[in-house]
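J.: Take a look at this one; I'll ask things after.
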Amino acid sequence: MLVGNIATVVLVSLGAVFFLAGTVGLLRFPDSMTRLHALTKADNLGLGLVVLGLLPQVDSVLAALKLVAVWVLTQLAGATVTQLVARAVWRGGGS
Amino acid sequence: MNAPAVLLRAGGFLALWLVLAGVNPADLPAAAVAVAAATWVSLSLSPPSGPRVSLPDLAMLILRFPGQSLLAGIDVAMRVFDPRLPLNVDTVPYSPRLPEGAARDAFTAYASLMPGTVPVTADAGGDILIHCLDVTQPVAQQMAREEDRFIRMLGYRDD
């Protein structure tokens, strides 16, 4: 139990650091394409770490699968939307 | 229509519904509608006669993914938290081996989650451009290796 709680605190905190990185990237990176890198990569990892950190806290396999499914769906949606935004940015004149 | 393929997909969507919404008999009518709609969309977008996915290669891609996600996230975090903001942004042209269409779109979506790269389909029929945060990295070779893994997973024969 204690090990699970420590894992939760460490992983969720790390996840928060990567969410912060994604947001700082959104503010500091110079154009839409580089900002896409920040959001797809840093926030995806942040969510993955938060999900991993919450797994020791769930009380059923179904709840654990639900957390993992949320992560998978976010990866799929994030990757697809990244492609659409990148295409729109590029066809609108780059950067 | 291929009945086992339909049942397999409907079963998969039902399982996803149960995981997301929980097991609740009162939800059954909504679940039935959602599963039927998802199965129909899935069959029309990706007919069962398409290429057969190789399960061992798919498993390898899935197992490799968390590590790549970790590298990608750390790479971005190191750059954004560095006061000098080390970026070496450029685009690299890349000729994909996958034919234009759903398979290539799936690959570019997957590759946009890999470290340092976001592929862009710049215009219909042409090459794709890889937008990279650090152009000094061997981006095109990296992308070719990822595409090889993806092609093996989709079960395409090299020709």
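Numbering starts fresh at 1 for the residues of each chain in the structure tokens, the chains themselves are lettered A, B, ... in the order given, and ligands are numbered from 1 as they appear.
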What's around Gly116 of chain B at 7 Å? Count only C-alpha atoms, leave out sequence neighbours fewer than 6 positions away in its own chain, and write the answer as a PDB file with N, CA, C and O atoms, in the first residue's frame.
T.:
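Wrote selection_15.pdb, looks like this:
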ATOM      1  N   ALA B  72      10.372  11.214 -26.327  1.00  0.00           N
ATOM      2  CA  ALA B  72       9.817  12.399 -26.995  1.00  0.00           C
ATOM      3  C   ALA B  72       9.488  13.484 -25.976  1.00  0.00           C
ATOM      4  O   ALA B  72       9.789  14.665 -26.179  1.00  0.00           O
ATOM      5  N   CYS B 132      10.976  18.911 -38.006  1.00  0.00           N
ATOM      6  CA  CYS B 132      11.729  18.408 -36.850  1.00  0.00           C
ATOM      7  C   CYS B 132      12.255  19.547 -35.984  1.00  0.00           C
ATOM      8  O   CYS B 132      12.544  20.642 -36.466  1.00  0.00           O
ATOM      9  N   LEU B 133      12.356  19.259 -34.682  1.00  0.00           N
ATOM     10  CA  LEU B 133      12.836  20.259 -33.729  1.00  0.00           C
ATOM     11  C   LEU B 133      14.346  20.426 -33.840  1.00  0.00           C
ATOM     12  O   LEU B 133      14.884  21.482 -33.537  1.00  0.00           O
ATOM     13  N   ASP B 134      15.045  19.341 -34.240  1.00  0.00           N
ATOM     14  CA  ASP B 134      16.493  19.403 -34.357  1.00  0.00           C
ATOM     15  C   ASP B 134      16.910  18.687 -35.636  1.00  0.00           C
ATOM     16  O   ASP B 134      16.973  17.468 -35.700  1.00  0.00           O
TER      17      ASP B 134
END
J.: Determine which residues of segment 1-99 of chain B receive a DSSP assignment of helix (DSSP H, G or I), computed from the backbone, and state them as a PyMOL selection string.
T.: chain B and resi 3-21+25-45+55-81
J.: Hey, list the chain B side of the contact with chain A: 7 Å cut-off, only C-alpha atoms, answer as a VMD selection string.
T.: chain B and resid 19 to 20 69 to 70 72 to 73 76 to 77 80 109 to 110 112 to 113 118 120 to 122 133
J.: Kindly indicate which residue among B:Leu43, B:Ala21, B:Val53, B:Ala26 lies nearest to Leu7 of chain B, using only C-alpha atoms for the distances.
T.: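 Closest to Leu7 of chain B, using only C-alpha atoms: B:Leu43.
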J.: Can you list, as a list in words, every protein, DNA or RNA residue that comes within 10 Å of Met143 of chain B when you count only C-alpha atoms, leaving out same-chain residues fewer than 5 positions away?
T.: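 Returned residues: Tyr94, Pro96, Phe107, Thr108, Ala111, Met114, Thr117, Pro119, Ile130, Pro138, Asp148 and Arg149 of chain B.
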J.: Next, dump the selected residues to file, keeping only C-alpha atoms, as a PDB file, in the first residue's frame.
T.:
ATOM      1  CA  TYR B  94      10.610  12.166 -47.156  1.00  0.00           C
ATOM      2  CA  PRO B  96       7.036   7.220 -47.910  1.00  0.00           C
ATOM      3  CA  PHE B 107       1.692   5.976 -40.231  1.00  0.00           C
ATOM      4  CA  THR B 108       2.059   9.785 -40.247  1.00  0.00           C
ATOM      5  CA  ALA B 111       5.052   9.117 -36.399  1.00  0.00           C
ATOM      6  CA  MET B 114       7.682   9.785 -32.083  1.00  0.00           C
ATOM      7  CA  THR B 117       9.239  14.684 -35.612  1.00  0.00           C
ATOM      8  CA  PRO B 119       5.247  14.586 -40.527  1.00  0.00           C
ATOM      9  CA  ILE B 130       9.020  15.936 -41.716  1.00  0.00           C
ATOM     10  CA  PRO B 138      19.222  11.612 -38.575  1.00  0.00           C
ATOM     11  CA  ASP B 148       9.638  -0.482 -41.925  1.00  0.00           C
ATOM     12  CA  ARG B 149       8.175  -1.517 -38.562  1.00  0.00           C
TER      13      ARG B 149
END
J.: Between atom CA of His131 of chain B and atom CA of Ser46 of chain B, what distance in Å does the model show, to one decimal?
T.: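 Result for atom CA of His131 of chain B versus atom CA of Ser46 of chain B: 28.3 Å, one decimal.
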J.: Which residues, written as a ChimeraX atom specification, have at least one atom at most 12 Å from Val9 of chain A, with only C-alpha atoms counted and residues fewer than 3 positions away on the same chain left out?
T.: /A:2-6,12-16,49-57
J.: Rank B:Pro83, B:Leu14, B:Leu154, B:Pro93 by their smallest atom-to-atom distance to Val35 of chain B, using only C-alpha atoms, and report the top residue only.
T.: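 Once distances to Val35 of chain B are computed over only C-alpha atoms, the minimum belongs to B:Leu14.
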J.: Please extract the residues of segment 32-98 of chain B with a backbone DSSP assignment of strand (DSSP E or B) and present them as a VMD selection string.
T.: chain B and resid 88 90 to 94
